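A.B. asks: This structure is in C-alpha cells; I'll ask about it shortly.
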Number of protein chains: 2
Amino acid sequence: MCPMSTYHHGDLRPTLLRAGQALLEKAGPDTLSLRELARRAGVSHNAPYRHFSDREALLAALAADGFRRLGEALATTSGRETGLAYVRFALEHPQLFRLMFGGRLRFSRHPALSEAAAQPYQALLAAFRAQPAIADPDKAAAAAWALVHGLAHLLLDGHLARQVSDPSAFAAEVIGAVRFASRAG
Amino acid sequence: MCPMSTYHHGDLRPTLLRAGQALLEKAGPDTLSLRELARRAGVSHNAPYRHFSDREALLAALAADGFRRLGEALATTSGRETGLAYVRFALEHPQLFRLMFGGRLRFSRHPALSEAAAQPYQALLAAFRAQPAIADPDKAAAAAWALVHGLAHLLLDGHLARQVSDPSAFAAEVIGAVRFASRAG
DNA sequence: GGCCTTATGTTGACGATGGACACATTATCG
DNA sequence: CGATAATGTGTCCATCGTCAACATAAGGCC
C-alpha cells in the first residue's frame, strides 16, 4: 500500500535552509521563526531540531552560506571593484548581511561559521600584500574592509540616504575618494 | 491611612530608561525584555505601555539617547581624533552601538530617533567642508564615517581579533593609514 | 524474509514574551 | 468637592523556543 510517504520528508535540512534563505529576506533575522520555517516545509514544529540543535544553529548555517556566497561574489573582482562588489552584495541581500554582521550570532559557538567568515578577509589580505607600493598592507587591508563594511551598513540603514539616489554609484565615488598611505609617504 | 504609596511610581519613564540602559549592556538589544524592565522597576508588566507604545519605542528612546551621548563624545574632538573617539564609543558601549546601528530599529517610525541619529553626521560634514584642501568634502566625510563605522563593527564582532591586542591602538593605526583625495590630485 | 538499531518526525507540554482589554487608583483642575 | 485625565494592575491570548515521550521509517544482520 502507499505508505505515509510524507512522514519522512527525506530532504528536510536543505529544504529548511532554502526556506530560511527566502524567509530571511522577507522577515529579517530577528523575526525569522523556526516554527514558521517548519510550517513552510510542511513539517511539524519540532522536526527542525533533528537537523539544527538550536535556532541560532540554523541562523549560523544561513550566515555561513552567506559568507560563502560573499566570497564567490568577490572572487571574480580585483582592486576597487572588490570593494564595490562588497557593498553591492550587502545592498542585494540586506537581511542576510545583517545576519552575518549584525552582532546576533556568537561566532565562537559555531566554528564552521567562524571559518567561513574569515575566508573573504584572508583573500583581501593577500591582495593587499601583493601590492608593494603600499606602506602597511595589513593596516590598509583592514582600512579597506572597514571602509566598505561601514559604507554597506550606513547605506542599508539609510543614514546616508538624503544625498544618495543611486547607492551603488555613490559607493563607487566614496571608495574613489580614499587613498592609502604609500611607501613614498 | 498610609496610601498605597507605590501604586503610582511617579517617575517611571526615566526609571525605565535607566534600567533599560543598564540591562541593555548586559543582555544585548535582542534579549532585552519589557517585562524584565518592569520587574526591575518594581512595577507591573503592563505599566511600561503607558510610556512607550511599543517595545521598539522603548528601544528607540534608548538609541536616541545613545546618539545624543555619541554626539557629546565627538564634540570635544577634532580631526582624526574624532574618528578614534567614534570607535572608542562603540568599544565602550558595544550593545548600545549595536542597538543604534544593528538594523533592528525602523528609523522611519521614530522621527525623534532619526533626528538624533542625523546630528553627529551633520557635525562631521561641517568639519570636512571647512577643510579647503579636500577635493570632495561630502564624499570624504562619508568615507571617513564609513571607515570608523566599519572599523567599530568589525572590532566589536571580533572579525579583526586575530591581529588585534589593543583595539584602540589598532584603530588609530588603521585610521592613520588612510588619506583623502586632495585638490592637488 | 524477519528483527533490531538508529535516524527522522510527531505530539504535547512548559515557561517566557509582546501585546490587547477592562478595570482600579491617583492627580489635577474646574 | 467632584469630574476627568493620567497612570498602574490583572487577566487573557497568540507566538515562540525548547524539552520529553512516543511513532514511524530505513538499513544492516541473521
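Letters A, B, ... go to the chains of the C-alpha cells in the order shown; residues in each chain start at 1; ligands are counted from 1 in the same order.
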Select, as a PyMOL selection string, those residues of chain D with any atom no more than 9 Å from chain A (distances computed using only C-alpha atoms (C1' of nucleotides)).

C.D. replies: chain D and resi 16-18+24-25

A.B. asks: For the interface of chain C with chain B (cut-off 10 Å, counting only C-alpha atoms (C1' of nucleotides)), please tabulate each contacting residue of chain C alongside its nearest pair of atoms and their separation in Å to one decimal, rows sorted by chain and increasing number, as a Markdown table.

C.D. replies:
```
| residue | atom | partner | partner_atom | distance |
| --- | --- | --- | --- | --- |
| C:DA16 | C1' | B:Arg35 | CA | 9.5 |
| C:DT17 | C1' | B:Ser33 | CA | 7.5 |
| C:DG18 | C1' | B:Arg55 | CA | 7.7 |
| C:DG19 | C1' | B:Asp54 | CA | 8.6 |
| C:DT25 | C1' | B:Tyr7 | CA | 7.3 |
| C:DT26 | C1' | B:His8 | CA | 7.1 |
| C:DA27 | C1' | B:His8 | CA | 10.0 |
```

A.B. asks: So that each row is one residue of chain A with an atom at most 9 Å from chain B, can you give its shortest atom pair and the distance in Å to one decimal, using only C-alpha atoms, rows by chain and rising number, as a tab-separated table?

C.D. replies:
```
residue	atom	partner	partner_atom	distance
A:Gly28	CA	B:Arg104	CA	8.9
A:Asp30	CA	B:Asp30	CA	7.8
A:Gln95	CA	B:Gly103	CA	8.9
A:Arg98	CA	B:Gly103	CA	7.0
A:Phe101	CA	B:Asp157	CA	7.5
A:Gly102	CA	B:Gly102	CA	5.3
A:Gly103	CA	B:Asp157	CA	6.1
A:Arg104	CA	B:Asp30	CA	8.0
A:Arg106	CA	B:Asp157	CA	8.7
A:Phe107	CA	B:Asp157	CA	8.4
A:Ser114	CA	B:His159	CA	8.9
A:Ala117	CA	B:His159	CA	8.0
A:Ala118	CA	B:His159	CA	7.3
A:Tyr121	CA	B:His159	CA	8.7
A:Ala135	CA	B:Ala177	CA	8.4
A:Asp136	CA	B:Ala177	CA	7.6
A:Asp138	CA	B:Val174	CA	8.9
A:Lys139	CA	B:Val174	CA	5.2
A:Ala140	CA	B:Ala177	CA	6.1
A:Ala141	CA	B:Val174	CA	8.9
A:Ala142	CA	B:Val174	CA	6.8
A:Ala143	CA	B:Val174	CA	5.6
A:Ala144	CA	B:Leu147	CA	7.9
A:Trp145	CA	B:Gly150	CA	7.5
A:Ala146	CA	B:Gly150	CA	4.2
A:Leu147	CA	B:Leu147	CA	4.1
A:Val148	CA	B:Ala146	CA	7.1
A:His149	CA	B:Gly150	CA	4.9
A:Gly150	CA	B:Gly150	CA	3.5
A:Leu151	CA	B:Ala146	CA	4.8
A:Ala152	CA	B:Ala146	CA	8.2
A:His153	CA	B:Gly150	CA	7.6
A:Leu154	CA	B:Ala146	CA	7.1
A:Leu156	CA	B:Gly103	CA	8.0
A:Asp157	CA	B:Gly103	CA	6.1
A:Gly158	CA	B:Phe107	CA	8.5
A:His159	CA	B:Ala118	CA	7.3
A:Leu160	CA	B:Ala142	CA	7.8
A:Phe170	CA	B:Lys139	CA	8.4
A:Glu173	CA	B:Lys139	CA	7.0
A:Val174	CA	B:Lys139	CA	5.2
A:Ile175	CA	B:Ala143	CA	7.1
A:Gly176	CA	B:Ala181	CA	8.2
A:Ala177	CA	B:Ala181	CA	5.3
A:Val178	CA	B:Phe180	CA	4.9
A:Arg179	CA	B:Arg179	CA	4.8
A:Phe180	CA	B:Val178	CA	4.8
A:Ala181	CA	B:Ala177	CA	5.3
A:Ser182	CA	B:Ala177	CA	8.7
```

A.B. asks: Please provide the set of residues having any atom within 12 Å of Glu72 (chain B), restricted to only C-alpha atoms (C1' of nucleotides), with same-chain residues fewer than 3 positions apart removed, written as an mmCIF file with N, CA and C atoms, in the first residue's frame.

C.D. replies:
```cif
data_model
loop_
_atom_site.group_PDB
_atom_site.id
_atom_site.type_symbol
_atom_site.label_atom_id
_atom_site.label_comp_id
_atom_site.auth_asym_id
_atom_site.auth_seq_id
_atom_site.Cartn_x
_atom_site.Cartn_y
_atom_site.Cartn_z
ATOM 1 N N ASP B 65 18.971 58.353 22.903
ATOM 2 C CA ASP B 65 19.873 58.834 23.946
ATOM 3 C C ASP B 65 21.317 58.469 23.608
ATOM 4 N N GLY B 66 21.495 57.283 23.041
ATOM 5 C CA GLY B 66 22.832 56.881 22.615
ATOM 6 C C GLY B 66 23.410 57.842 21.589
ATOM 7 N N PHE B 67 22.604 58.251 20.617
ATOM 8 C CA PHE B 67 23.092 59.183 19.611
ATOM 9 C C PHE B 67 23.465 60.518 20.240
ATOM 10 N N ARG B 68 22.667 60.916 21.232
ATOM 11 C CA ARG B 68 22.986 62.156 21.908
ATOM 12 C C ARG B 68 24.349 62.038 22.608
ATOM 13 N N ARG B 69 24.530 60.936 23.294
ATOM 14 C CA ARG B 69 25.793 60.746 24.006
ATOM 15 C C ARG B 69 26.968 60.624 23.036
ATOM 16 N N ALA B 75 32.032 65.776 20.258
ATOM 17 C CA ALA B 75 32.046 67.238 20.196
ATOM 18 C C ALA B 75 33.364 67.827 20.686
ATOM 19 N N THR B 76 34.006 67.155 21.613
ATOM 20 C CA THR B 76 35.230 67.721 22.203
ATOM 21 C C THR B 76 36.473 67.371 21.392
ATOM 22 N N THR B 77 36.301 66.739 20.237
ATOM 23 C CA THR B 77 37.460 66.291 19.458
ATOM 24 C C THR B 77 37.485 66.966 18.106
ATOM 25 N N THR B 82 38.520 62.554 16.192
ATOM 26 C CA THR B 82 37.081 62.319 16.155
ATOM 27 C C THR B 82 36.783 60.878 15.748
ATOM 28 N N ALA B 85 37.564 58.622 18.579
ATOM 29 C CA ALA B 85 36.531 58.725 19.621
ATOM 30 C C ALA B 85 35.291 57.936 19.228
ATOM 31 N N TYR B 86 34.996 57.951 17.956
ATOM 32 C CA TYR B 86 33.838 57.185 17.458
ATOM 33 C C TYR B 86 34.026 55.703 17.743
ATOM 34 N N PHE B 89 33.829 54.961 21.450
ATOM 35 C CA PHE B 89 32.441 54.930 21.938
ATOM 36 C C PHE B 89 31.816 53.566 21.688
ATOM 37 N N ALA B 116 17.918 62.562 16.028
ATOM 38 C CA ALA B 116 19.086 62.369 16.891
ATOM 39 C C ALA B 116 20.214 61.688 16.135
ATOM 40 N N GLN B 119 22.284 64.011 13.636
ATOM 41 C CA GLN B 119 23.062 65.124 14.156
ATOM 42 C C GLN B 119 24.589 64.943 14.091
ATOM 43 N N PRO B 120 25.103 63.799 14.581
ATOM 44 C CA PRO B 120 26.561 63.649 14.525
ATOM 45 C C PRO B 120 27.117 63.777 13.107
ATOM 46 N N ALA B 123 27.541 67.333 11.957
ATOM 47 C CA ALA B 123 28.751 67.950 12.504
ATOM 48 C C ALA B 123 29.981 67.518 11.712
#
```

A.B. asks: Determine which residues of chain B receive a DSSP assignment of alpha helix (DSSP H), computed from the backbone, and state them as a VMD selection string.

C.D. replies: chain B and resid 12 to 31 34 to 41 55 to 75 80 to 92 94 to 101 111 to 129 137 to 156 167 to 176

A.B. asks: May I have the selected residues written with C-alpha atoms, as a CSV table (one decimal), in the first residue's frame?

C.D. replies:
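Output contents, as saved in selection_29.csv:
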```csv
chain,number,residue,atom,x,y,z
B,12,LEU,CA,8.5,55.6,35.8
B,13,ARG,CA,9.6,56.7,32.4
B,14,PRO,CA,13.1,57.8,33.4
B,15,THR,CA,13.4,54.8,35.7
B,16,LEU,CA,12.6,52.5,32.8
B,17,LEU,CA,15.2,54.2,30.6
B,18,ARG,CA,17.9,54.0,33.2
B,19,ALA,CA,17.1,50.3,33.8
B,20,GLY,CA,17.0,49.8,30.1
B,21,GLN,CA,20.4,51.3,29.7
B,22,ALA,CA,21.8,49.0,32.3
B,23,LEU,CA,20.1,45.9,31.1
B,24,LEU,CA,21.0,46.6,27.5
B,25,GLU,CA,24.7,46.3,28.1
B,26,LYS,CA,24.2,43.1,30.0
B,27,ALA,CA,21.6,41.3,27.8
B,28,GLY,CA,22.0,42.9,24.4
B,29,PRO,CA,19.3,44.6,22.4
B,30,ASP,CA,17.6,41.3,21.3
B,31,THR,CA,17.1,39.7,24.7
B,34,LEU,CA,10.0,44.8,28.6
B,35,ARG,CA,8.8,42.5,31.3
B,36,GLU,CA,12.2,42.2,32.9
B,37,LEU,CA,12.4,46.0,32.8
B,38,ALA,CA,9.1,46.3,34.5
B,39,ARG,CA,10.2,43.8,37.2
B,40,ARG,CA,13.3,45.8,37.9
B,41,ALA,CA,11.3,49.0,38.2
B,55,ARG,CA,8.9,47.5,22.7
B,56,GLU,CA,10.5,49.2,19.7
B,57,ALA,CA,9.6,52.6,21.1
B,58,LEU,CA,11.5,51.9,24.2
B,59,LEU,CA,14.5,50.7,22.3
B,60,ALA,CA,14.2,53.8,20.0
B,61,ALA,CA,14.3,56.0,23.1
B,62,LEU,CA,17.4,54.2,24.3
B,63,ALA,CA,19.0,54.5,20.9
B,64,ALA,CA,18.2,58.2,20.6
B,65,ASP,CA,19.9,58.8,23.9
B,66,GLY,CA,22.8,56.9,22.6
B,67,PHE,CA,23.1,59.2,19.6
B,68,ARG,CA,23.0,62.2,21.9
B,69,ARG,CA,25.8,60.7,24.0
B,70,LEU,CA,27.8,59.9,20.9
B,71,GLY,CA,27.4,63.5,19.8
B,72,GLU,CA,28.8,64.7,23.1
B,73,ALA,CA,31.7,62.3,22.9
B,74,LEU,CA,32.6,63.6,19.5
B,75,ALA,CA,32.0,67.2,20.2
B,80,ARG,CA,41.5,62.1,13.3
B,81,GLU,CA,40.7,62.1,17.0
B,82,THR,CA,37.1,62.3,16.2
B,83,GLY,CA,37.3,59.1,14.3
B,84,LEU,CA,39.1,57.4,17.2
B,85,ALA,CA,36.5,58.7,19.6
B,86,TYR,CA,33.8,57.2,17.5
B,87,VAL,CA,35.5,53.8,17.6
B,88,ARG,CA,36.1,54.1,21.3
B,89,PHE,CA,32.4,54.9,21.9
B,90,ALA,CA,31.5,51.7,20.2
B,91,LEU,CA,34.0,49.7,22.1
B,92,GLU,CA,32.8,51.1,25.4
B,94,PRO,CA,29.0,47.6,22.4
B,95,GLN,CA,25.4,46.7,22.9
B,96,LEU,CA,24.2,50.3,22.7
B,97,PHE,CA,26.2,50.7,19.5
B,98,ARG,CA,24.5,47.5,18.1
B,99,LEU,CA,21.1,48.9,19.1
B,100,MET,CA,21.9,52.1,17.3
B,101,PHE,CA,23.4,50.6,14.2
B,111,PRO,CA,11.2,60.8,13.9
B,112,ALA,CA,12.9,61.8,17.1
B,113,LEU,CA,15.3,59.0,16.7
B,114,SER,CA,16.0,59.9,13.1
B,115,GLU,CA,16.8,63.4,14.1
B,116,ALA,CA,19.1,62.4,16.9
B,117,ALA,CA,20.9,60.0,14.5
B,118,ALA,CA,21.4,62.6,11.9
B,119,GLN,CA,23.1,65.1,14.2
B,120,PRO,CA,26.6,63.6,14.5
B,121,TYR,CA,26.9,63.3,10.8
B,122,GLN,CA,25.9,66.9,10.2
B,123,ALA,CA,28.8,68.0,12.5
B,124,LEU,CA,31.1,65.7,10.6
B,125,LEU,CA,30.0,67.2,7.3
B,126,ALA,CA,30.6,70.7,8.5
B,127,ALA,CA,34.1,69.8,9.7
B,128,PHE,CA,35.1,68.4,6.4
B,129,ARG,CA,33.6,71.3,4.4
B,137,PRO,CA,34.3,67.1,1.2
B,138,ASP,CA,31.0,65.4,1.2
B,139,LYS,CA,32.3,62.2,-0.3
B,140,ALA,CA,35.3,62.4,2.1
B,141,ALA,CA,33.0,62.9,5.1
B,142,ALA,CA,31.0,59.8,4.0
B,143,ALA,CA,34.2,57.9,3.6
B,144,ALA,CA,35.5,58.9,7.0
B,145,TRP,CA,32.3,57.9,8.7
B,146,ALA,CA,32.2,54.7,6.8
B,147,LEU,CA,35.7,53.9,7.8
B,148,VAL,CA,35.3,54.4,11.5
B,149,HIS,CA,31.8,52.9,11.4
B,150,GLY,CA,33.0,49.7,9.7
B,151,LEU,CA,36.0,49.6,12.0
B,152,ALA,CA,33.8,49.7,15.0
B,153,HIS,CA,31.6,47.0,13.7
B,154,LEU,CA,34.5,44.7,12.8
B,155,LEU,CA,36.2,45.2,16.1
B,156,LEU,CA,33.0,44.6,18.1
B,167,PRO,CA,41.7,47.6,19.7
B,168,SER,CA,42.0,51.3,20.4
B,169,ALA,CA,45.6,51.5,19.2
B,170,PHE,CA,44.9,49.3,16.2
B,171,ALA,CA,42.0,51.7,15.3
B,172,ALA,CA,44.4,54.6,15.5
B,173,GLU,CA,46.8,53.0,13.1
B,174,VAL,CA,44.2,52.0,10.6
B,175,ILE,CA,42.7,55.5,10.6
B,176,GLY,CA,46.2,56.8,10.1
```

A.B. asks: At a cut-off of 12 Å, using only C-alpha atoms (C1' of nucleotides), what residues contact DA22 (chain C)? Leave out same-chain residues fewer than 5 positions from it and give the result as number ranges by chain.

C.D. replies: D: 9-12

A.B. asks: List the neighbours of Thr6 (chain B) out to 10 Å using only C-alpha atoms (C1' of nucleotides); skip same-chain residues closer than 3 positions along the sequence, and give me the result as a ChimeraX atom specification.

C.D. replies: /B:3,9-10,42-43 /D:8
